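Participant: Structure supplied as my_file-v1.pdb; contents: PDB, C-alpha atoms.
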```pdb
MODEL        1
ATOM      1  CA  MET A   1     159.519  60.298  89.436
ATOM      2  CA  ASP A   2     162.531  59.585  87.237
ATOM      3  CA  LYS A   3     163.581  56.098  88.403
ATOM      4  CA  MET A   4     166.790  56.147  86.373
ATOM      5  CA  THR A   5     168.447  58.762  88.622
ATOM      6  CA  PRO A   6     168.292  56.739  91.885
ATOM      7  CA  LEU A   7     169.314  53.628  89.930
ATOM      8  CA  GLY A   8     172.299  55.468  88.487
ATOM      9  CA  LEU A   9     173.390  56.752  91.901
ATOM     10  CA  ILE A  10     173.169  53.260  93.379
ATOM     11  CA  LEU A  11     175.180  51.757  90.508
ATOM     12  CA  ALA A  12     177.768  54.546  90.852
ATOM     13  CA  ALA A  13     178.239  53.696  94.525
ATOM     14  CA  ILE A  14     178.491  49.993  93.689
ATOM     15  CA  ALA A  15     181.061  50.718  90.968
ATOM     16  CA  VAL A  16     183.391  52.637  93.290
ATOM     17  CA  VAL A  17     182.938  50.691  96.530
ATOM     18  CA  GLY A  18     182.674  47.313  94.803
ATOM     19  CA  GLY A  19     185.708  48.077  92.663
ATOM     20  CA  SER A  20     187.728  48.992  95.741
ATOM     21  CA  VAL A  21     186.731  45.763  97.475
ATOM     22  CA  LEU A  22     187.430  43.586  94.417
ATOM     23  CA  LYS A  23     190.824  45.217  93.968
ATOM     24  CA  GLY A  24     191.667  44.323  97.539
ATOM     25  CA  SER A  25     191.789  47.862  98.931
ATOM     26  CA  GLY A  26     188.638  47.523 101.009
ATOM     27  CA  VAL A  27     185.988  50.059 101.918
ATOM     28  CA  MET A  28     188.012  51.824 104.615
ATOM     29  CA  ALA A  29     190.630  52.814 102.042
ATOM     30  CA  LEU A  30     188.044  55.143 100.497
ATOM     31  CA  LEU A  31     187.418  57.054 103.717
ATOM     32  CA  SER A  32     189.445  60.216 104.187
ATOM     33  CA  GLY A  33     188.305  63.329 105.990
ATOM     34  CA  ALA A  34     191.149  65.377 104.524
ATOM     35  CA  ALA A  35     190.263  64.361 100.963
ATOM     36  CA  PHE A  36     186.602  65.192 101.600
ATOM     37  CA  VAL A  37     187.446  68.675 102.828
ATOM     38  CA  ILE A  38     189.882  69.439 100.029
ATOM     39  CA  VAL A  39     187.725  68.143  97.165
ATOM     40  CA  LEU A  40     184.092  68.712  98.111
ATOM     41  CA  VAL A  41     184.448  71.808 100.269
ATOM     42  CA  GLY A  42     186.960  73.198  97.774
ATOM     43  CA  THR A  43     184.558  72.536  94.880
ATOM     44  CA  VAL A  44     181.743  74.345  96.684
ATOM     45  CA  ALA A  45     184.108  77.243  97.406
ATOM     46  CA  SER A  46     185.102  77.442  93.737
ATOM     47  CA  ILE A  47     181.522  77.453  92.480
ATOM     48  CA  CYS A  48     180.540  80.124  95.021
ATOM     49  CA  ILE A  49     183.239  82.378  93.556
ATOM     50  CA  HIS A  50     182.341  81.363  90.007
ATOM     51  CA  THR A  51     178.550  81.835  90.187
ATOM     52  CA  PRO A  52     176.306  84.844  90.965
ATOM     53  CA  PRO A  53     174.105  84.263  94.050
ATOM     54  CA  ALA A  54     170.826  84.306  92.064
ATOM     55  CA  THR A  55     172.100  81.665  89.637
ATOM     56  CA  LEU A  56     173.386  79.481  92.475
ATOM     57  CA  LYS A  57     170.020  79.718  94.233
ATOM     58  CA  HIS A  58     168.209  78.788  91.019
ATOM     59  CA  ALA A  59     170.540  75.809  90.513
ATOM     60  CA  MET A  60     169.611  74.473  93.949
ATOM     61  CA  LYS A  61     165.939  75.012  93.113
ATOM     62  CA  ILE A  62     166.015  73.003  89.877
ATOM     63  CA  PHE A  63     168.249  70.237  91.287
ATOM     64  CA  LYS A  64     165.126  68.272  92.251
ATOM     65  CA  TRP A  65     164.311  67.927  88.534
ATOM     66  CA  ILE A  66     166.792  65.046  88.263
ATOM     67  CA  PHE A  67     164.403  63.079  90.481
ATOM     68  CA  ARG A  68     161.057  64.722  89.679
ATOM     69  CA  PRO A  69     161.126  66.586  86.346
ATOM     70  CA  PRO A  70     158.177  68.912  85.634
ATOM     71  CA  VAL A  71     155.346  66.811  84.241
ATOM     72  CA  GLN A  72     153.957  68.010  80.915
ATOM     73  CA  GLU A  73     151.875  65.488  79.014
ATOM     74  CA  ALA A  74     152.401  66.541  75.405
ATOM     75  CA  GLU A  75     149.561  64.383  74.089
ATOM     76  CA  ALA A  76     147.050  65.851  76.553
ATOM     77  CA  LEU A  77     148.331  69.353  75.821
ATOM     78  CA  ILE A  78     147.816  68.882  72.077
ATOM     79  CA  ASN A  79     144.239  67.737  72.670
ATOM     80  CA  GLU A  80     143.663  70.788  74.854
ATOM     81  CA  VAL A  81     144.998  73.182  72.210
ATOM     82  CA  VAL A  82     142.846  71.539  69.536
ATOM     83  CA  GLU A  83     139.822  71.899  71.841
ATOM     84  CA  TRP A  84     140.595  75.625  72.236
ATOM     85  CA  SER A  85     140.916  75.912  68.467
ATOM     86  CA  ASN A  86     137.503  74.339  67.889
ATOM     87  CA  LEU A  87     135.937  76.571  70.524
ATOM     88  CA  ALA A  88     137.495  79.742  69.090
ATOM     89  CA  ARG A  89     136.445  78.763  65.562
ATOM     90  CA  LYS A  90     132.814  78.290  66.610
ATOM     91  CA  GLN A  91     132.331  81.003  69.235
ATOM     92  CA  GLY A  92     135.219  83.432  68.815
ATOM     93  CA  LEU A  93     138.366  84.113  70.852
ATOM     94  CA  LEU A  94     136.444  85.579  73.794
ATOM     95  CA  ALA A  95     135.002  82.113  74.418
ATOM     96  CA  LEU A  96     138.467  81.123  75.681
ATOM     97  CA  GLU A  97     138.276  83.425  78.723
ATOM     98  CA  PRO A  98     137.147  80.616  81.084
ATOM     99  CA  ALA A  99     140.131  78.533  79.918
ATOM    100  CA  VAL A 100     142.475  81.369  80.952
ATOM    101  CA  GLU A 101     141.170  81.285  84.520
ATOM    102  CA  GLU A 102     141.361  77.486  84.694
ATOM    103  CA  GLN A 103     144.949  77.299  83.453
ATOM    104  CA  SER A 104     147.562  76.633  86.164
ATOM    105  CA  ASP A 105     150.697  76.925  84.001
ATOM    106  CA  PRO A 106     151.786  80.628  84.028
ATOM    107  CA  PHE A 107     153.296  80.434  80.529
ATOM    108  CA  ILE A 108     150.211  78.892  78.911
ATOM    109  CA  LYS A 109     147.954  81.243  80.874
ATOM    110  CA  LYS A 110     149.883  84.245  79.563
ATOM    111  CA  GLY A 111     149.650  82.951  75.988
ATOM    112  CA  LEU A 112     145.920  82.345  76.263
ATOM    113  CA  GLN A 113     145.395  85.815  77.723
ATOM    114  CA  LEU A 114     147.281  87.381  74.816
ATOM    115  CA  LEU A 115     145.120  85.327  72.461
ATOM    116  CA  VAL A 116     141.869  86.435  74.122
ATOM    117  CA  ASP A 117     143.064  90.046  74.062
ATOM    118  CA  GLY A 118     143.243  89.824  70.276
ATOM    119  CA  SER A 119     147.036  89.995  69.834
ATOM    120  CA  GLU A 120     148.258  89.627  66.263
ATOM    121  CA  PRO A 121     149.901  86.250  65.503
ATOM    122  CA  ASP A 122     153.363  87.793  65.036
ATOM    123  CA  VAL A 123     153.065  89.772  68.284
ATOM    124  CA  LEU A 124     151.852  86.689  70.123
ATOM    125  CA  ARG A 125     154.745  84.597  68.830
ATOM    126  CA  SER A 126     157.448  87.204  69.505
ATOM    127  CA  THR A 127     156.165  87.915  73.039
ATOM    128  CA  LEU A 128     156.087  84.281  74.056
ATOM    129  CA  GLU A 129     159.405  83.456  72.380
ATOM    130  CA  VAL A 130     161.118  86.142  74.462
ATOM    131  CA  GLU A 131     159.847  84.401  77.606
ATOM    132  CA  ILE A 132     160.900  80.993  76.283
ATOM    133  CA  ASP A 133     164.431  82.248  75.608
ATOM    134  CA  ALA A 134     164.660  83.940  79.013
ATOM    135  CA  ARG A 135     163.500  80.810  80.857
ATOM    136  CA  GLU A 136     165.792  78.538  78.881
ATOM    137  CA  HIS A 137     168.766  80.822  79.495
ATOM    138  CA  GLY A 138     168.091  81.007  83.240
ATOM    139  CA  ASP A 139     167.554  77.261  83.607
ATOM    140  CA  ASN A 140     170.652  76.403  81.566
ATOM    141  CA  ALA A 141     172.691  78.773  83.732
ATOM    142  CA  GLY A 142     171.531  76.734  86.726
ATOM    143  CA  ALA A 143     172.516  73.475  85.023
ATOM    144  CA  LYS A 144     175.961  74.904  84.235
ATOM    145  CA  VAL A 145     176.574  75.338  87.965
ATOM    146  CA  PHE A 146     176.798  71.550  88.273
ATOM    147  CA  GLU A 147     178.815  71.398  85.077
ATOM    148  CA  GLY A 148     181.274  73.857  86.621
ATOM    149  CA  MET A 149     181.519  71.737  89.754
ATOM    150  CA  GLY A 150     182.310  68.769  87.510
ATOM    151  CA  ILE A 151     185.191  70.746  86.039
ATOM    152  CA  TYR A 152     186.636  71.940  89.349
ATOM    153  CA  ALA A 153     186.353  68.676  91.316
ATOM    154  CA  PRO A 154     189.033  66.653  89.430
ATOM    155  CA  THR A 155     191.528  69.524  89.695
ATOM    156  CA  LEU A 156     190.946  69.782  93.422
ATOM    157  CA  GLY A 157     191.411  66.008  93.587
ATOM    158  CA  ILE A 158     194.883  66.481  92.116
ATOM    159  CA  ILE A 159     195.610  69.218  94.659
ATOM    160  CA  GLY A 160     194.567  66.809  97.412
ATOM    161  CA  ALA A 161     196.860  64.105  96.006
ATOM    162  CA  VAL A 162     199.804  66.505  95.845
ATOM    163  CA  LEU A 163     199.204  67.643  99.422
ATOM    164  CA  GLY A 164     199.065  63.998 100.491
ATOM    165  CA  LEU A 165     202.343  63.233  98.716
ATOM    166  CA  MET A 166     203.933  66.233 100.410
ATOM    167  CA  ALA A 167     202.949  64.701 103.742
ATOM    168  CA  VAL A 168     204.470  61.375 102.639
ATOM    169  CA  MET A 169     207.734  63.076 101.702
ATOM    170  CA  GLN A 170     208.017  64.353 105.255
ATOM    171  CA  ASN A 171     208.046  60.746 106.492
ATOM    172  CA  LEU A 172     210.653  59.284 104.135
ATOM    173  CA  ALA A 173     212.735  58.280 107.147
ATOM    174  CA  ASP A 174     210.001  55.840 108.172
ATOM    175  CA  PRO A 175     209.415  53.389 105.259
ATOM    176  CA  SER A 176     206.573  51.660 107.121
ATOM    177  CA  LYS A 177     204.393  54.740 106.591
ATOM    178  CA  LEU A 178     205.115  55.263 102.898
ATOM    179  CA  GLY A 179     202.702  52.744 101.364
ATOM    180  CA  LYS A 180     199.742  53.737 103.472
ATOM    181  CA  GLY A 181     200.505  57.432 103.019
ATOM    182  CA  ILE A 182     200.721  57.203  99.225
ATOM    183  CA  ALA A 183     197.437  55.251  99.082
ATOM    184  CA  ALA A 184     195.721  57.897 101.210
ATOM    185  CA  ALA A 185     197.087  60.638  98.955
ATOM    186  CA  PHE A 186     195.305  59.215  95.929
ATOM    187  CA  VAL A 187     191.925  59.014  97.678
ATOM    188  CA  ALA A 188     191.481  62.713  96.923
ATOM    189  CA  THR A 189     191.921  61.974  93.220
ATOM    190  CA  ILE A 190     189.208  59.313  93.432
ATOM    191  CA  TYR A 191     186.900  61.766  95.183
ATOM    192  CA  GLY A 192     187.500  64.452  92.566
ATOM    193  CA  ILE A 193     187.197  62.333  89.430
ATOM    194  CA  GLY A 194     184.405  60.185  90.894
ATOM    195  CA  ALA A 195     182.300  63.168  92.024
ATOM    196  CA  ALA A 196     182.722  64.840  88.628
ATOM    197  CA  ASN A 197     181.969  61.865  86.398
ATOM    198  CA  LEU A 198     179.480  59.994  88.565
ATOM    199  CA  PHE A 199     177.505  62.955  89.915
ATOM    200  CA  PHE A 200     178.130  66.571  88.896
ATOM    201  CA  LEU A 201     178.446  66.144  85.108
ATOM    202  CA  PRO A 202     175.571  63.606  84.852
ATOM    203  CA  VAL A 203     173.361  65.941  86.919
ATOM    204  CA  ALA A 204     174.156  68.830  84.546
ATOM    205  CA  ALA A 205     173.419  66.673  81.486
ATOM    206  CA  LYS A 206     170.086  65.462  82.889
ATOM    207  CA  LEU A 207     169.002  68.986  83.803
ATOM    208  CA  LYS A 208     169.848  70.183  80.288
ATOM    209  CA  ALA A 209     167.740  67.368  78.828
ATOM    210  CA  VAL A 210     164.777  68.329  81.052
ATOM    211  CA  ILE A 211     165.187  71.996  80.084
ATOM    212  CA  ALA A 212     165.292  71.112  76.377
ATOM    213  CA  ASP A 213     162.095  69.081  76.774
ATOM    214  CA  GLN A 214     160.365  71.978  78.531
ATOM    215  CA  THR A 215     161.459  74.381  75.792
ATOM    216  CA  ARG A 216     160.157  72.068  73.091
ATOM    217  CA  THR A 217     156.794  71.798  74.851
ATOM    218  CA  ARG A 218     156.505  75.583  75.175
ATOM    219  CA  GLU A 219     157.386  76.010  71.498
ATOM    220  CA  MET A 220     154.625  73.546  70.676
ATOM    221  CA  VAL A 221     152.142  75.601  72.720
ATOM    222  CA  VAL A 222     153.205  78.791  70.944
ATOM    223  CA  GLU A 223     152.720  77.152  67.558
ATOM    224  CA  GLY A 224     149.230  76.064  68.575
ATOM    225  CA  LEU A 225     148.206  79.468  69.946
ATOM    226  CA  VAL A 226     149.539  81.257  66.862
ATOM    227  CA  GLY A 227     147.545  78.840  64.693
ATOM    228  CA  ILE A 228     144.389  79.692  66.660
ATOM    229  CA  ALA A 229     145.124  83.425  66.307
ATOM    230  CA  ARG A 230     145.454  82.993  62.526
ATOM    231  CA  GLY A 231     142.197  81.075  62.373
ATOM    232  CA  ASP A 232     143.816  77.894  61.036
ATOM    233  CA  ASN A 233     141.817  74.721  60.704
ATOM    234  CA  PRO A 234     141.964  72.714  63.968
ATOM    235  CA  ARG A 235     143.034  69.595  62.067
ATOM    236  CA  ASN A 236     145.965  71.472  60.535
ATOM    237  CA  ILE A 237     146.962  72.780  63.953
ATOM    238  CA  GLU A 238     146.846  69.273  65.402
ATOM    239  CA  ALA A 239     148.965  67.899  62.551
ATOM    240  CA  ARG A 240     151.628  70.567  63.124
ATOM    241  CA  LEU A 241     151.697  70.022  66.863
ATOM    242  CA  ARG A 242     152.067  66.276  66.527
ATOM    243  CA  GLY A 243     155.270  66.942  64.623
ATOM    244  CA  PHE A 244     156.794  68.085  67.931
ATOM    245  CA  LEU A 245     156.277  64.619  69.422
ATOM    246  CA  HIS A 246     159.030  63.247  67.190
TER     247      HIS A 246
ENDMDL
END
```
As a first step, turn the structure in this file into structure tokens.

Facilitator:
Amino acid sequence: MDKMTPLGLILAAIAVVGGSVLKGSGVMALLSGAAFVIVLVGTVASICIHTPPATLKHAMKIFKWIFRPPVQEAEALINEVVEWSNLARKQGLLALEPAVEEQSDPFIKKGLQLLVDGSEPDVLRSTLEVEIDAREHGDNAGAKVFEGMGIYAPTLGIIGAVLGLMAVMQNLADPSKLGKGIAAAFVATIYGIGAANLFFLPVAAKLKAVIADQTRTREMVVEGLVGIARGDNPRNIEARLRGFLH
């Protein structure tokens, strides 16, 4: 589990609530049903219009990665590829068939199967790179859903503030309501800017980092499998793969 995400969310809450208390506004000043509806419901409405259903569904699926990113131990994976290389060098590519059946990762399993089937190195690389690009594109599209929400939320916060000020203007005859009304109007702005900068945009950035790490790991696997297909020395393959760790 990524412990930094819960820590960040807790600190974000402390920053907003604690700041409100220290400034003398209090916690209750941050509570506004109208602001919640305008900003958060409005942001969801905007992203539903903005995003195709399949992409929105995928975004919800990968959201959990900010807490539990896919685990891929690069060091263990390098050792595994080197082991396959040694086995193929001694007994031939067909000796890797049991490894295909044991492999749980669909991408690695596909690469190993192509290797066992005797695919040429260039064909192996091009086939797997197409899948890498497709996965990266789909995952990044999901991450951009949260990025889009981070763009819409502040604007909707401004809309909420304007609507609140319009309500204040209707009560100009009663000065006792002006201060409280103006303060309530700006709660929507806090919701919009706070949600964007303390949640939506950080979520998008973290997802993009996880996706980049996954892509790098898959590229490392491809490099190793292509090296095995070319019959490279296992030590040379290991040296190349370790370059990806940096």

Participant: Residues of segment 35-102 of chain A that approach segment 205-213 of chain A to 8 Å or less, counting all atoms listed in the file: could you list each one with the shortest pair of atoms and its distance in Å to one decimal, rows by chain and increasing residue number, as a tab-separated table?

Facilitator:
```
residue	atom	partner	partner_atom	distance
A:Ile62	CA	A:Leu207	CA	7.9
A:Phe63	CA	A:Leu207	CA	7.6
A:Trp65	CA	A:Leu207	CA	6.7
A:Ile66	CA	A:Lys206	CA	6.3
A:Pro69	CA	A:Val210	CA	6.7
```

Participant: For Glu147 of chain A, which of A:Val81, A:Lys90, A:Asn197, A:Arg68 is the closest residue, counting all atoms listed in the file?

Facilitator: A:Asn197

Participant: Do you have the atom CA of Ala153 of chain A-atom CA of Ala54 of chain A distance handy?

Facilitator: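 Atom CA of Ala54 of chain A lies at a distance of 22.0 Å from atom CA of Ala153 of chain A.
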
Participant: Written as a compact mmCIF listing (two decimals) with C-alpha atoms, keeping the file's coordinate frame, what is the full residue list that the PyMOL selection byres ((chain A and resi 29-33) around 9) yields on the file shown?

Facilitator:
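Done, and the output landed in expr02.txt:
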```txt
# COMPACT_ATOMS: atom_id res chain seq x y z
CA VAL A 16 183.39 52.64 93.29
CA VAL A 17 182.94 50.69 96.53
CA SER A 20 187.73 48.99 95.74
CA SER A 25 191.79 47.86 98.93
CA GLY A 26 188.64 47.52 101.01
CA VAL A 27 185.99 50.06 101.92
CA MET A 28 188.01 51.82 104.62
CA ALA A 34 191.15 65.38 104.52
CA ALA A 35 190.26 64.36 100.96
CA PHE A 36 186.60 65.19 101.60
CA VAL A 37 187.45 68.68 102.83
CA ILE A 38 189.88 69.44 100.03
CA ALA A 183 197.44 55.25 99.08
CA ALA A 184 195.72 57.90 101.21
CA VAL A 187 191.92 59.01 97.68
CA ALA A 188 191.48 62.71 96.92
CA ILE A 190 189.21 59.31 93.43
CA TYR A 191 186.90 61.77 95.18
```

Participant: Counting all atoms listed in the file, which residues of segment 91-208 of chain A fall within 7 Å of segment 40-49 of chain A, and what is the closest atom pair for each with its distance in Å at one decimal, ordered by chain and rising number, as a tab-separated table?

Facilitator:
```
residue	atom	partner	partner_atom	distance
A:Gly148	CA	A:Ile47	CA	6.9
A:Met149	CA	A:Thr43	CA	6.0
A:Tyr152	CA	A:Thr43	CA	5.9
A:Ala153	CA	A:Thr43	CA	5.6
A:Leu156	CA	A:Gly42	CA	6.8
```

Participant: Nearest residue to Glu131 of chain A out of A:Ala167, A:Met4, A:Ala239, A:Val222, using only C-alpha atoms?

Facilitator: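 Using only C-alpha atoms, Glu131 of chain A sits closest to A:Val222.
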
Participant: Apply the PyMOL selection byres ((chain A and resi 114-121) around 9) to the file shown and report the selected residues as a ChimeraX atom specification.

Facilitator: /A:93-97,100,109-113,122-126,225-230

Participant: Given the PyMOL selection byres ((chain A and resi 242) around 12) and the file above, list the residues it selects as a PyMOL selection string.

Facilitator: chain A and resi 74-79+81-82+216-217+220-221+223-224+235-241+243-246

Participant: Would you mind telling me which residue in A:Gly157, A:Lys64, A:Pro98, A:Trp84 lies nearest to Asp232 of chain A when using only C-alpha atoms?

Facilitator: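 Looking at the shortest contact to Asp232 of chain A, the residue is A:Trp84.
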